[in-house]
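Student: Here you go, this is final.cif (mmCIF, C-alpha atoms).
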data_upload
#
loop_
_atom_site.group_PDB
_atom_site.id
_atom_site.type_symbol
_atom_site.label_atom_id
_atom_site.label_comp_id
_atom_site.auth_asym_id
_atom_site.auth_seq_id
_atom_site.Cartn_x
_atom_site.Cartn_y
_atom_site.Cartn_z
ATOM 1 C CA MET T 1 121.327 151.219 135.669
ATOM 2 C CA PRO T 2 120.000 150.171 139.118
ATOM 3 C CA HIS T 3 121.995 147.600 141.044
ATOM 4 C CA THR T 4 120.508 144.115 141.426
ATOM 5 C CA TYR T 5 122.422 143.203 144.598
ATOM 6 C CA ASP T 6 123.508 145.157 147.640
ATOM 7 C CA LEU T 7 126.654 143.081 148.000
ATOM 8 C CA LEU T 8 128.796 140.718 145.957
ATOM 9 C CA VAL T 9 131.244 138.651 148.001
ATOM 10 C CA ILE T 10 134.199 137.024 146.225
ATOM 11 C CA GLY T 11 136.439 134.381 147.767
ATOM 12 C CA ASP T 12 136.562 131.247 149.863
ATOM 13 C CA ALA T 13 133.797 128.929 151.033
ATOM 14 C CA ASN T 14 134.361 125.600 152.761
ATOM 15 C CA PRO T 15 133.255 123.447 155.656
ATOM 16 C CA ASP T 16 134.887 124.283 158.986
ATOM 17 C CA ILE T 17 135.471 121.637 161.630
ATOM 18 C CA VAL T 18 135.847 123.593 164.873
ATOM 19 C CA LEU T 19 137.288 121.711 167.857
ATOM 20 C CA GLY T 20 138.169 122.959 171.309
ATOM 21 C CA PRO T 21 139.079 124.412 173.588
ATOM 22 C CA LEU T 22 142.362 122.512 173.785
ATOM 23 C CA ASP T 23 144.061 123.017 177.140
ATOM 24 C CA ALA T 24 147.451 121.555 176.113
ATOM 25 C CA PRO T 25 149.688 121.706 173.030
ATOM 26 C CA LEU T 26 148.708 119.556 170.067
ATOM 27 C CA ALA T 27 150.213 116.129 170.708
ATOM 28 C CA PHE T 28 151.536 113.904 167.949
ATOM 29 C CA GLY T 29 152.811 110.332 168.342
ATOM 30 C CA GLN T 30 149.315 108.894 167.765
ATOM 31 C CA ARG T 31 148.046 110.494 170.972
ATOM 32 C CA GLU T 32 144.323 111.198 171.279
ATOM 33 C CA GLN T 33 143.212 114.388 172.998
ATOM 34 C CA LEU T 34 139.685 115.228 174.122
ATOM 35 C CA VAL T 35 137.962 118.608 173.842
ATOM 36 C CA ASP T 36 134.588 119.827 175.031
ATOM 37 C CA THR T 37 133.041 120.794 171.713
ATOM 38 C CA GLY T 38 133.165 119.857 168.041
ATOM 39 C CA LEU T 39 131.189 121.439 165.245
ATOM 40 C CA LEU T 40 130.826 121.015 161.489
ATOM 41 C CA THR T 41 129.781 124.381 160.097
ATOM 42 C CA LEU T 42 130.144 126.760 157.186
ATOM 43 C CA GLY T 43 133.581 128.365 156.977
ATOM 44 C CA GLY T 44 135.716 130.533 154.757
ATOM 45 C CA SER T 45 136.126 134.231 155.460
ATOM 46 C CA ALA T 46 134.142 135.254 152.399
ATOM 47 C CA ALA T 47 131.297 132.812 153.082
ATOM 48 C CA ILE T 48 130.972 133.859 156.734
ATOM 49 C CA MET T 49 130.945 137.534 155.752
ATOM 50 C CA ALA T 50 128.271 136.892 153.105
ATOM 51 C CA CYS T 51 126.060 135.126 155.637
ATOM 52 C CA GLY T 52 126.517 137.909 158.176
ATOM 53 C CA ALA T 53 125.530 140.532 155.617
ATOM 54 C CA ALA T 54 122.456 138.569 154.557
ATOM 55 C CA ARG T 55 121.487 138.192 158.211
ATOM 56 C CA LEU T 56 121.655 141.995 158.483
ATOM 57 C CA GLY T 57 119.180 142.368 155.631
ATOM 58 C CA LEU T 58 121.374 142.830 152.559
ATOM 59 C CA LYS T 59 120.692 141.136 149.238
ATOM 60 C CA VAL T 60 123.906 139.158 148.798
ATOM 61 C CA ALA T 61 125.450 137.185 145.934
ATOM 62 C CA PHE T 62 128.496 134.945 146.276
ATOM 63 C CA ALA T 63 131.112 134.124 143.619
ATOM 64 C CA GLY T 64 133.692 131.392 144.085
ATOM 65 C CA ARG T 65 134.412 127.737 143.463
ATOM 66 C CA VAL T 66 133.798 124.416 145.230
ATOM 67 C CA GLY T 67 134.352 120.786 144.274
ATOM 68 C CA ASP T 68 131.870 118.282 142.941
ATOM 69 C CA ASP T 69 131.669 116.532 146.294
ATOM 70 C CA ASP T 70 129.644 116.312 149.495
ATOM 71 C CA ALA T 71 131.620 119.164 151.033
ATOM 72 C CA GLY T 72 130.740 121.429 148.107
ATOM 73 C CA ARG T 73 127.086 120.540 148.341
ATOM 74 C CA PHE T 74 127.204 121.248 152.075
ATOM 75 C CA VAL T 75 128.617 124.715 151.366
ATOM 76 C CA ARG T 76 125.974 125.577 148.775
ATOM 77 C CA THR T 77 123.144 124.378 151.000
ATOM 78 C CA ALA T 78 124.469 126.340 153.979
ATOM 79 C CA LEU T 79 124.831 129.559 151.980
ATOM 80 C CA ASN T 80 121.370 129.193 150.460
ATOM 81 C CA ALA T 81 119.831 128.504 153.860
ATOM 82 C CA ARG T 82 121.189 131.840 155.073
ATOM 83 C CA GLY T 83 119.774 133.778 152.148
ATOM 84 C CA VAL T 84 122.890 134.067 149.978
ATOM 85 C CA ASP T 85 122.509 133.735 146.196
ATOM 86 C CA THR T 86 124.871 130.967 144.985
ATOM 87 C CA ASP T 87 124.149 131.005 141.256
ATOM 88 C CA ALA T 88 127.782 132.094 140.704
ATOM 89 C CA LEU T 89 129.255 129.424 142.983
ATOM 90 C CA ARG T 90 131.015 127.315 140.355
ATOM 91 C CA VAL T 91 131.555 123.554 140.646
ATOM 92 C CA ASP T 92 135.047 122.353 139.739
ATOM 93 C CA PRO T 93 134.973 118.817 138.282
ATOM 94 C CA GLY T 94 138.572 117.972 139.196
ATOM 95 C CA LEU T 95 139.497 119.615 142.491
ATOM 96 C CA PRO T 96 137.975 119.028 145.940
ATOM 97 C CA THR T 97 136.215 121.611 148.066
ATOM 98 C CA PRO T 98 138.589 123.268 150.555
ATOM 99 C CA LEU T 99 138.424 121.983 154.112
ATOM 100 C CA THR T 100 139.508 123.727 157.313
ATOM 101 C CA VAL T 101 140.063 122.414 160.826
ATOM 102 C CA VAL T 102 140.096 125.057 163.561
ATOM 103 C CA VAL T 103 141.480 124.104 166.981
ATOM 104 C CA THR T 104 140.658 126.664 169.655
ATOM 105 C CA ARG T 105 142.188 127.376 173.058
ATOM 106 C CA GLY T 106 140.563 128.695 176.194
ATOM 107 C CA ASP T 107 142.349 132.051 175.858
ATOM 108 C CA GLY T 108 140.606 132.764 172.551
ATOM 109 C CA ASP T 109 143.563 131.898 170.336
ATOM 110 C CA ARG T 110 143.334 129.207 167.672
ATOM 111 C CA THR T 111 145.309 127.334 165.041
ATOM 112 C CA ILE T 112 143.904 126.799 161.558
ATOM 113 C CA LEU T 113 144.725 123.938 159.180
ATOM 114 C CA THR T 114 143.407 124.285 155.620
ATOM 115 C CA SER T 115 143.511 121.981 152.615
ATOM 116 C CA PRO T 116 143.106 124.504 149.759
ATOM 117 C CA GLY T 117 141.414 122.325 147.116
ATOM 118 C CA THR T 118 139.679 124.636 144.632
ATOM 119 C CA LEU T 119 141.170 127.814 146.122
ATOM 120 C CA SER T 120 144.244 127.589 143.895
ATOM 121 C CA ALA T 121 142.054 127.431 140.775
ATOM 122 C CA THR T 122 139.563 130.164 141.683
ATOM 123 C CA GLY T 123 140.073 133.103 139.348
ATOM 124 C CA PRO T 124 138.478 135.990 137.479
ATOM 125 C CA ASP T 125 136.413 133.692 135.255
ATOM 126 C CA ASP T 126 134.499 132.675 138.392
ATOM 127 C CA VAL T 127 133.226 136.244 138.875
ATOM 128 C CA PRO T 128 130.454 137.097 136.384
ATOM 129 C CA GLU T 129 130.686 140.629 135.024
ATOM 130 C CA ALA T 130 126.949 141.061 135.567
ATOM 131 C CA LEU T 131 127.507 140.718 139.312
ATOM 132 C CA LEU T 132 130.414 143.177 139.297
ATOM 133 C CA THR T 133 128.373 145.767 137.452
ATOM 134 C CA GLY T 134 125.123 144.995 139.267
ATOM 135 C CA SER T 135 126.200 145.230 142.927
ATOM 136 C CA ARG T 136 126.374 148.268 145.192
ATOM 137 C CA HIS T 137 129.437 146.938 147.022
ATOM 138 C CA VAL T 138 132.027 144.238 146.287
ATOM 139 C CA HIS T 139 133.908 142.516 149.109
ATOM 140 C CA ALA T 140 136.889 140.205 148.574
ATOM 141 C CA ALA T 141 138.390 137.957 151.243
ATOM 142 C CA SER T 142 141.332 135.616 151.857
ATOM 143 C CA TYR T 143 143.631 137.373 149.388
ATOM 144 C CA PHE T 144 146.618 135.130 150.103
ATOM 145 C CA LEU T 145 144.707 131.852 149.715
ATOM 146 C CA LEU T 146 143.472 132.707 146.216
ATOM 147 C CA PRO T 147 146.518 133.644 144.104
ATOM 148 C CA LYS T 148 144.783 133.688 140.695
ATOM 149 C CA LEU T 149 141.917 135.750 142.021
ATOM 150 C CA ALA T 150 144.308 138.074 143.881
ATOM 151 C CA ASP T 151 146.149 138.877 140.660
ATOM 152 C CA ALA T 152 142.855 139.785 138.994
ATOM 153 C CA LEU T 153 141.401 141.876 141.827
ATOM 154 C CA PRO T 154 142.661 145.264 140.566
ATOM 155 C CA GLU T 155 140.757 144.819 137.305
ATOM 156 C CA LEU T 156 137.690 143.282 138.954
ATOM 157 C CA LEU T 157 137.365 146.021 141.569
ATOM 158 C CA ALA T 158 138.037 148.730 138.993
ATOM 159 C CA THR T 159 135.165 147.369 136.891
ATOM 160 C CA ALA T 160 132.845 147.426 139.904
ATOM 161 C CA ARG T 161 133.928 150.984 140.757
ATOM 162 C CA ALA T 162 133.261 152.134 137.205
ATOM 163 C CA HIS T 163 129.652 151.024 137.684
ATOM 164 C CA GLY T 164 129.170 152.862 140.969
ATOM 165 C CA ALA T 165 130.185 150.230 143.508
ATOM 166 C CA THR T 166 132.299 150.655 146.602
ATOM 167 C CA SER T 167 134.713 147.897 147.624
ATOM 168 C CA SER T 168 136.423 146.273 150.581
ATOM 169 C CA LEU T 169 139.160 143.710 151.165
ATOM 170 C CA ASP T 170 139.913 141.461 154.128
ATOM 171 C CA THR T 171 143.260 139.844 153.338
ATOM 172 C CA ASN T 172 143.221 137.436 156.300
ATOM 173 C CA ASP T 173 146.454 135.626 157.127
ATOM 174 C CA ASP T 174 149.285 134.885 154.702
ATOM 175 C CA PRO T 175 150.439 131.272 155.269
ATOM 176 C CA SER T 176 153.734 132.058 153.510
ATOM 177 C CA GLY T 177 154.507 134.920 155.891
ATOM 178 C CA GLU T 178 155.552 137.144 152.965
ATOM 179 C CA TRP T 179 152.507 139.477 152.808
ATOM 180 C CA ALA T 180 152.985 140.249 149.082
ATOM 181 C CA PRO T 181 155.190 143.334 149.318
ATOM 182 C CA GLY T 182 154.537 145.476 146.243
ATOM 183 C CA ARG T 183 152.092 143.027 144.650
ATOM 184 C CA ILE T 184 149.087 144.063 146.728
ATOM 185 C CA ASP T 185 149.495 147.785 146.031
ATOM 186 C CA ALA T 186 147.499 147.701 142.787
ATOM 187 C CA THR T 187 144.564 146.152 144.665
ATOM 188 C CA LEU T 188 144.754 148.649 147.532
ATOM 189 C CA ALA T 189 144.651 151.492 145.010
ATOM 190 C CA VAL T 190 141.117 150.473 143.938
ATOM 191 C CA THR T 191 139.884 149.372 147.388
ATOM 192 C CA ASP T 192 137.741 151.725 149.452
ATOM 193 C CA PHE T 193 138.142 149.881 152.764
ATOM 194 C CA LEU T 194 140.887 147.519 153.945
ATOM 195 C CA LEU T 195 139.698 145.394 156.889
ATOM 196 C CA PRO T 196 142.616 143.581 158.580
ATOM 197 C CA ASN T 197 142.889 142.498 162.183
ATOM 198 C CA ALA T 198 145.625 144.000 164.337
ATOM 199 C CA ARG T 199 148.261 141.381 163.564
ATOM 200 C CA GLU T 200 147.521 141.501 159.845
ATOM 201 C CA ALA T 201 147.712 145.304 159.793
ATOM 202 C CA LEU T 202 151.145 145.225 161.422
ATOM 203 C CA ALA T 203 152.350 142.536 159.018
ATOM 204 C CA LEU T 204 151.033 144.311 155.910
ATOM 205 C CA ALA T 205 152.578 147.611 156.957
ATOM 206 C CA SER T 206 155.897 146.004 157.813
ATOM 207 C CA ALA T 207 156.038 144.137 154.494
ATOM 208 C CA ALA T 208 155.309 147.394 152.681
ATOM 209 C CA GLY T 209 158.420 148.936 154.204
ATOM 210 C CA PHE T 210 156.951 150.793 157.169
ATOM 211 C CA ARG T 211 159.696 150.389 159.753
ATOM 212 C CA ASP T 212 158.129 151.929 162.846
ATOM 213 C CA THR T 213 156.404 148.615 163.470
ATOM 214 C CA ALA T 214 156.833 144.946 162.676
ATOM 215 C CA ALA T 215 154.654 141.903 162.225
ATOM 216 C CA ASP T 216 155.797 140.382 165.504
ATOM 217 C CA SER T 217 155.537 143.603 167.532
ATOM 218 C CA PRO T 218 152.876 143.973 170.251
ATOM 219 C CA ALA T 219 149.713 145.567 168.913
ATOM 220 C CA THR T 220 149.947 148.748 170.967
ATOM 221 C CA ALA T 221 147.659 151.714 170.303
ATOM 222 C CA GLY T 222 150.552 153.674 168.840
ATOM 223 C CA SER T 223 151.819 150.899 166.601
ATOM 224 C CA LEU T 224 148.338 150.176 165.226
ATOM 225 C CA GLU T 225 147.685 153.830 164.463
ATOM 226 C CA ALA T 226 151.039 154.073 162.703
ATOM 227 C CA ALA T 227 150.456 150.886 160.703
ATOM 228 C CA ALA T 228 146.910 151.894 159.748
ATOM 229 C CA GLY T 229 148.103 155.319 158.679
ATOM 230 C CA ALA T 230 150.857 153.837 156.536
ATOM 231 C CA LEU T 231 148.394 151.485 154.835
ATOM 232 C CA ALA T 232 145.848 154.263 154.321
ATOM 233 C CA ALA T 233 148.514 156.230 152.471
ATOM 234 C CA ARG T 234 148.385 153.483 149.825
ATOM 235 C CA GLY T 235 144.772 154.231 148.937
ATOM 236 C CA PRO T 236 142.060 152.659 151.125
ATOM 237 C CA ARG T 237 140.573 153.750 154.399
ATOM 238 C CA VAL T 238 141.861 151.199 156.883
ATOM 239 C CA VAL T 239 139.675 149.553 159.525
ATOM 240 C CA VAL T 240 141.653 147.515 162.060
ATOM 241 C CA LYS T 241 139.863 144.929 164.193
ATOM 242 C CA ASN T 242 141.421 144.407 167.606
ATOM 243 C CA GLY T 243 139.128 142.065 169.519
ATOM 244 C CA ALA T 244 138.323 143.111 173.067
ATOM 245 C CA ASP T 245 140.224 146.365 172.489
ATOM 246 C CA GLY T 246 137.703 147.511 169.892
ATOM 247 C CA ALA T 247 138.520 148.821 166.433
ATOM 248 C CA LEU T 248 140.365 151.629 164.700
ATOM 249 C CA LEU T 249 139.612 153.462 161.449
ATOM 250 C CA HIS T 250 142.267 155.553 159.710
ATOM 251 C CA ASP T 251 141.558 157.700 156.643
ATOM 252 C CA GLY T 252 145.174 158.725 156.095
ATOM 253 C CA ARG T 253 144.827 161.823 158.243
ATOM 254 C CA THR T 254 142.963 161.129 161.446
ATOM 255 C CA PRO T 255 142.528 157.922 163.467
ATOM 256 C CA LEU T 256 139.094 157.107 164.872
ATOM 257 C CA ARG T 257 138.592 154.514 167.591
ATOM 258 C CA THR T 258 135.622 152.651 169.011
ATOM 259 C CA PRO T 259 135.639 150.356 172.057
ATOM 260 C CA ALA T 260 134.311 146.830 171.951
ATOM 261 C CA ILE T 261 130.925 146.142 173.492
ATOM 262 C CA PRO T 262 131.002 143.807 176.517
ATOM 263 C CA ALA T 263 130.956 140.133 175.560
ATOM 264 C CA ARG T 264 131.696 136.718 177.045
ATOM 265 C CA PRO T 265 132.842 134.853 173.961
ATOM 266 C CA LEU T 266 132.242 131.144 173.542
ATOM 267 C CA ASP T 267 134.047 131.061 170.176
ATOM 268 C CA THR T 268 135.746 133.880 168.243
ATOM 269 C CA VAL T 269 135.884 131.990 164.914
ATOM 270 C CA GLY T 270 134.462 134.278 162.233
ATOM 271 C CA ALA T 271 134.101 137.317 164.508
ATOM 272 C CA GLY T 272 136.213 139.431 162.177
ATOM 273 C CA ASP T 273 134.109 138.400 159.185
ATOM 274 C CA SER T 274 130.925 139.297 161.063
ATOM 275 C CA PHE T 275 132.535 142.651 161.865
ATOM 276 C CA ASP T 276 133.179 143.128 158.121
ATOM 277 C CA ALA T 277 129.535 142.339 157.374
ATOM 278 C CA GLY T 278 128.337 144.838 159.949
ATOM 279 C CA PHE T 279 130.624 147.577 158.662
ATOM 280 C CA VAL T 280 129.548 147.165 155.035
ATOM 281 C CA ALA T 281 125.856 146.805 155.925
ATOM 282 C CA ALA T 282 125.964 149.991 157.997
ATOM 283 C CA LEU T 283 127.642 151.972 155.221
ATOM 284 C CA LEU T 284 125.141 150.744 152.638
ATOM 285 C CA ARG T 285 122.342 151.769 155.002
ATOM 286 C CA GLY T 286 123.698 155.325 154.993
ATOM 287 C CA LEU T 287 125.456 155.452 158.354
ATOM 288 C CA SER T 288 128.618 157.507 158.804
ATOM 289 C CA THR T 289 131.960 155.728 159.037
ATOM 290 C CA ALA T 290 132.038 156.418 162.786
ATOM 291 C CA GLU T 291 128.593 154.857 163.231
ATOM 292 C CA ALA T 292 129.524 151.970 160.946
ATOM 293 C CA LEU T 293 132.605 151.288 163.071
ATOM 294 C CA GLU T 294 130.477 151.065 166.231
ATOM 295 C CA PHE T 295 127.890 148.865 164.530
ATOM 296 C CA ALA T 296 130.572 146.556 163.152
ATOM 297 C CA ALA T 297 132.142 146.145 166.586
ATOM 298 C CA ALA T 298 128.744 145.096 167.941
ATOM 299 C CA CYS T 299 128.264 142.552 165.139
ATOM 300 C CA GLY T 300 131.688 141.053 165.757
ATOM 301 C CA ALA T 301 131.117 140.750 169.498
ATOM 302 C CA LEU T 302 127.634 139.252 169.168
ATOM 303 C CA SER T 303 128.879 136.605 166.739
ATOM 304 C CA THR T 304 130.979 135.080 169.540
ATOM 305 C CA ARG T 305 127.885 134.015 171.532
ATOM 306 C CA ALA T 306 127.929 130.503 170.012
ATOM 307 C CA HIS T 307 130.362 128.094 168.413
ATOM 308 C CA GLY T 308 131.075 128.464 164.693
ATOM 309 C CA GLY T 309 131.308 131.502 162.461
ATOM 310 C CA THR T 310 127.653 131.901 161.448
ATOM 311 C CA THR T 311 125.556 130.445 164.290
ATOM 312 C CA ALA T 312 125.194 133.637 166.362
ATOM 313 C CA GLN T 313 125.484 136.343 163.707
ATOM 314 C CA PRO T 314 123.087 139.128 164.703
ATOM 315 C CA THR T 315 120.186 140.733 162.915
ATOM 316 C CA TRP T 316 120.169 144.499 162.455
ATOM 317 C CA ASP T 317 117.795 144.914 165.400
ATOM 318 C CA GLU T 318 119.911 142.695 167.667
ATOM 319 C CA ALA T 319 123.054 144.680 166.945
ATOM 320 C CA SER T 320 121.235 147.994 167.376
ATOM 321 C CA THR T 321 119.812 146.826 170.712
ATOM 322 C CA ALA T 322 123.275 145.795 171.919
ATOM 323 C CA LEU T 323 124.589 149.249 171.053
ATOM 324 C CA ALA T 324 121.702 150.917 172.856
ATOM 325 C CA ARG T 325 122.471 148.870 175.984
ATOM 326 C CA ASP T 326 126.020 150.143 175.668
ATOM 327 C CA GLY T 327 124.777 153.734 175.561
ATOM 328 C CA LYS T 328 124.981 154.233 171.774
ATOM 329 C CA ASN T 329 122.127 154.981 169.419
ATOM 330 C CA LEU T 330 122.234 154.768 165.635
#
For the file at hand, write its structure as C-alpha cells.
Tutor:
Amino acid sequence: MPHTYDLLVIGDANPDIVLGPLDAPLAFGQREQLVDTGLLTLGGSAAIMACGAARLGLKVAFAGRVGDDDAGRFVRTALNARGVDTDALRVDPGLPTPLTVVVTRGDGDRTILTSPGTLSATGPDDVPEALLTGSRHVHAASYFLLPKLADALPELLATARAHGATSSLDTNDDPSGEWAPGRIDATLAVTDFLLPNAREALALASAAGFRDTAADSPATAGSLEAAAGALAARGPRVVVKNGADGALLHDGRTPLRTPAIPARPLDTVGAGDSFDAGFVAALLRGLSTAEALEFAAACGALSTRAHGGTTAQPTWDEASTALARDGKNL
C-alpha cells in the first residue's frame, strides 16, 4: 500500500520563550536583568524538526498532545502555518500545554527551563496506527521528556518498520541525568538512525557501560568516534551533531565525518532539530548517507541565521546553494 505521508513526527510541541544573550549568571533575589532579544516562537524538538522537514518539501504529519489552552492553540496554528498536518495533535482537557523558557549566552550556550504539562501523559494512544503504517519515515524526539511514549516506542517503531518505514530518534537531554541504561536498548534495536549531539552521545554511551568515555569528558574526535561506535553496536547508525565542528556518522564499522559550513549564528536554538530534518529529507530524496550528512550540516547551520528554532529553517534550494558555495554539489 502506498504511503500517505513522507514523515510522521512523534513527540513534543510547545511555545518557546527565547531570551538573551545573557552576559552574566542568572540572578535571583528579585533582581531584574535585561537582554537584547526576546521571542515567543514554536518550540519542542519534535515540532521544530517537523517544521524543518516541511520547509524542505516533505509531506509531514505530527502526533502528540497539547492542552486546551491558548498555548496549545498557538502550537497548532504555528505547525499548520508551516505546512504540518496536525489532525493527530490531541487536546488534553486536564493538563496544560508544555512551556519552555530558553536563556541564551553570547558564547552559544543556553539553559532551558521546561514545565512538562501534557508531556507526562503523551503515550501510544496519541499515535494513530494509520499514520504509523502510512508514513515513509517515523521520527521520535525528546525521549526522556515523554516516559509513557518512550516505553511504547519499540512497538510503535516496529509497526512502522513492518509497513516499510525507516525510523530515527533524537533523545535530546535527560533532565534526570540517568540516560536510561538498559531501558533504551529495545528502542535502539528498531531505530535506523540515532541523532544525538556530542554531549548526548557521550552520555548515552557512558550510561550503557562504555568506559572509554564519560558524559562529562571533552568531546574530542576520538571520544566521539568511540561513543558513536559503541552506540551503533546496539543497532542504529549513529549521527552525532557537533556544532561548528561538523558531524559524524558511524555505522558500527567505519566513521564518516563532514565539516560544518561557515556560519555566524545569531541563535542556535533548534539547530540540531533542523539538522535532523535535513538528514531525513535527504535520505527520503534518495541521497547517500554521506550526502545526507553534508546536507543536514548545511540545514543546521542555516537555521542559526535568526532567533528561534523555525524562523530561518532553509528550503531545499537554499541548503543546496549553501553547499555549492562551500564547494559541494548534491
Student: Quick check, in Å to one decimal: how far apart do CA of Leu266 (chain T) and CA of Thr171 (chain T) lie?
Tutor: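 Interatomic distance here is 24.6 Å.
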Student: Let me know the residues the PyMOL selection byres ((chain T and resi 60-73) around 7) catches in the file above, as a PyMOL selection string.
Tutor: chain T and resi 5-12+15+50+54+58-59+74-77+84-86+88-93+95-97+118+122+126-127
Student: Please write the residues picked by the PyMOL selection byres ((chain T and resi 270) around 10) on this file as number ranges by chain.
Tutor: T: 43-49, 52, 267-269, 271-276, 300, 303-304, 307-311, 313
Student: Rank T:Leu99, T:Ala298, T:Leu146, T:Leu284 by their smallest atom-to-atom distance to Arg325 (chain T), using only C-alpha atoms, and report the top residue only.
Tutor: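 Distance minimum relative to Arg325 (chain T) lands on T:Ala298.
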Student: CA of Ala121 (chain T) and CA of Pro98 (chain T) are how many Å apart?
Tutor: 11.2 Å
Student: So how many Å separate CA of Ile184 (chain T) and CA of Asp151 (chain T), to one decimal?
Tutor: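 Calculated distance between CA of Ile184 (chain T) and CA of Asp151 (chain T) is 8.5 Å.
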Student: Expand the PyMOL selection byres ((chain T and resi 19-35) around 7) into the explicit residue set it covers here, and present it as a PyMOL selection string.
Tutor: chain T and resi 17-18+36-39+102-106
Student: Each side padded by 6 Å, which centre and which edge lengths in Å (one decimal) define the axis-aligned box around the listed atoms of region 83-91 of chain T? Give them as AutoDock Vina command-line options.
Tutor:
--center_x 125.7 --center_y 128.8 --center_z 146.3 --size_x 23.8 --size_y 22.5 --size_z 23.8
Student: Using all atoms listed in the file, which residues sit within 9 Å of Ala227 (chain T) once same-chain residues fewer than 2 positions away are excluded, as a list in words?
Tutor: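 That gives Ala201, Leu202, Ala203, Leu204, Ala205, Ser206, Phe210, Asp212, Thr213, Ala214, Gly222, Ser223, Leu224, Glu225, Gly229, Ala230, Leu231 and Ala232 of chain T.
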Student: Let's have the selection written as a PDB file, in the frame of the given file, with C-alpha atoms.
Tutor:
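Result went into part.pdb, see below:
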ATOM      1  CA  ALA T 201     147.712 145.304 159.793  1.00  0.00           C
ATOM      2  CA  LEU T 202     151.145 145.225 161.422  1.00  0.00           C
ATOM      3  CA  ALA T 203     152.350 142.536 159.018  1.00  0.00           C
ATOM      4  CA  LEU T 204     151.033 144.311 155.910  1.00  0.00           C
ATOM      5  CA  ALA T 205     152.578 147.611 156.957  1.00  0.00           C
ATOM      6  CA  SER T 206     155.897 146.004 157.813  1.00  0.00           C
ATOM      7  CA  PHE T 210     156.951 150.793 157.169  1.00  0.00           C
ATOM      8  CA  ASP T 212     158.129 151.929 162.846  1.00  0.00           C
ATOM      9  CA  THR T 213     156.404 148.615 163.470  1.00  0.00           C
ATOM     10  CA  ALA T 214     156.833 144.946 162.676  1.00  0.00           C
ATOM     11  CA  GLY T 222     150.552 153.674 168.840  1.00  0.00           C
ATOM     12  CA  SER T 223     151.819 150.899 166.601  1.00  0.00           C
ATOM     13  CA  LEU T 224     148.338 150.176 165.226  1.00  0.00           C
ATOM     14  CA  GLU T 225     147.685 153.830 164.463  1.00  0.00           C
ATOM     15  CA  GLY T 229     148.103 155.319 158.679  1.00  0.00           C
ATOM     16  CA  ALA T 230     150.857 153.837 156.536  1.00  0.00           C
ATOM     17  CA  LEU T 231     148.394 151.485 154.835  1.00  0.00           C
ATOM     18  CA  ALA T 232     145.848 154.263 154.321  1.00  0.00           C
TER      19      ALA T 232
END
Student: So, with all atoms listed in the file as the atoms that count, which of T:Leu169, T:Glu294, T:Asp192, T:Gly235 lies closest to Pro259 (chain T)?
Tutor: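 Ranking T:Leu169, T:Glu294, T:Asp192, T:Gly235 by distance to Pro259 (chain T), first place goes to T:Glu294.
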Student: Given only C-alpha atoms as the basis, pick out the residue of T:Leu56, T:Leu248, T:Leu145, T:Ala301 nearest to Arg264 (chain T).
Tutor: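 Looking only at the distances to Arg264 (chain T), the closest residue turns out to be T:Ala301.
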Student: Which is closer to Glu318 (chain T) than all the others in T:Ser288, T:Gly278, T:Ala247, T:Glu155, using only C-alpha atoms?
Tutor: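 Once distances to Glu318 (chain T) are computed over only C-alpha atoms, the minimum belongs to T:Gly278.
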Student: For the point (127.6, 146.4, 136.7) in file coordinates, what residues are within 7 Å, counting all atoms listed in the file? Give the answer as an MDAnalysis selection string?
Tutor: chainID T and resid 129:135 160 163
Student: Determine, counting all atoms listed in the file, which protein, DNA and RNA residues have an atom within 6 Å of an atom of region 237-242 of chain T; residues of the same chain fewer than 3 positions away are not included. Present the result as a list in words.
Tutor: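 Residues near the query, excluding close chain neighbours: Phe193, Leu194, Leu195, Pro196, Asn197, Ala198, Ala228, Ala232, Asp245, Gly246, Ala247, Leu248, Leu249, His250 and Asp251 of chain T.
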Student: Nearest to Ser142 (chain T): which of T:Leu119, T:Val101, T:Ala281, T:Ala260 is it, counting all atoms listed in the file?
Tutor: T:Leu119
Student: Would you fill the gaps in region 157-163 of chain T so it has N, CA, C and O atoms, then print it as an mmCIF file, in the frame of the given file?
Tutor:
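Generated file (rebuild_0.cif):
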data_model
loop_
_atom_site.group_PDB
_atom_site.id
_atom_site.type_symbol
_atom_site.label_atom_id
_atom_site.label_comp_id
_atom_site.auth_asym_id
_atom_site.auth_seq_id
_atom_site.Cartn_x
_atom_site.Cartn_y
_atom_site.Cartn_z
ATOM 1 N N LEU T 157 137.874 144.940 140.733
ATOM 2 C CA LEU T 157 137.365 146.021 141.569
ATOM 3 C C LEU T 157 137.242 147.323 140.785
ATOM 4 O O LEU T 157 136.332 148.124 141.033
ATOM 5 N N ALA T 158 138.143 147.531 139.832
ATOM 6 C CA ALA T 158 138.037 148.730 138.993
ATOM 7 C C ALA T 158 136.760 148.690 138.155
ATOM 8 O O ALA T 158 136.089 149.720 137.965
ATOM 9 N N THR T 159 136.409 147.513 137.649
ATOM 10 C CA THR T 159 135.165 147.369 136.891
ATOM 11 C C THR T 159 133.958 147.691 137.766
ATOM 12 O O THR T 159 133.040 148.417 137.354
ATOM 13 N N ALA T 160 133.956 147.150 138.985
ATOM 14 C CA ALA T 160 132.845 147.426 139.904
ATOM 15 C C ALA T 160 132.760 148.921 140.211
ATOM 16 O O ALA T 160 131.672 149.512 140.220
ATOM 17 N N ARG T 161 133.900 149.540 140.462
ATOM 18 C CA ARG T 161 133.928 150.984 140.757
ATOM 19 C C ARG T 161 133.373 151.801 139.595
ATOM 20 O O ARG T 161 132.658 152.778 139.790
ATOM 21 N N ALA T 162 133.716 151.395 138.383
ATOM 22 C CA ALA T 162 133.261 152.134 137.205
ATOM 23 C C ALA T 162 131.747 152.093 137.063
ATOM 24 O O ALA T 162 131.165 152.938 136.359
ATOM 25 N N HIS T 163 131.108 151.141 137.733
ATOM 26 C CA HIS T 163 129.652 151.024 137.684
ATOM 27 C C HIS T 163 129.027 151.433 139.012
ATOM 28 O O HIS T 163 127.910 151.020 139.341
#
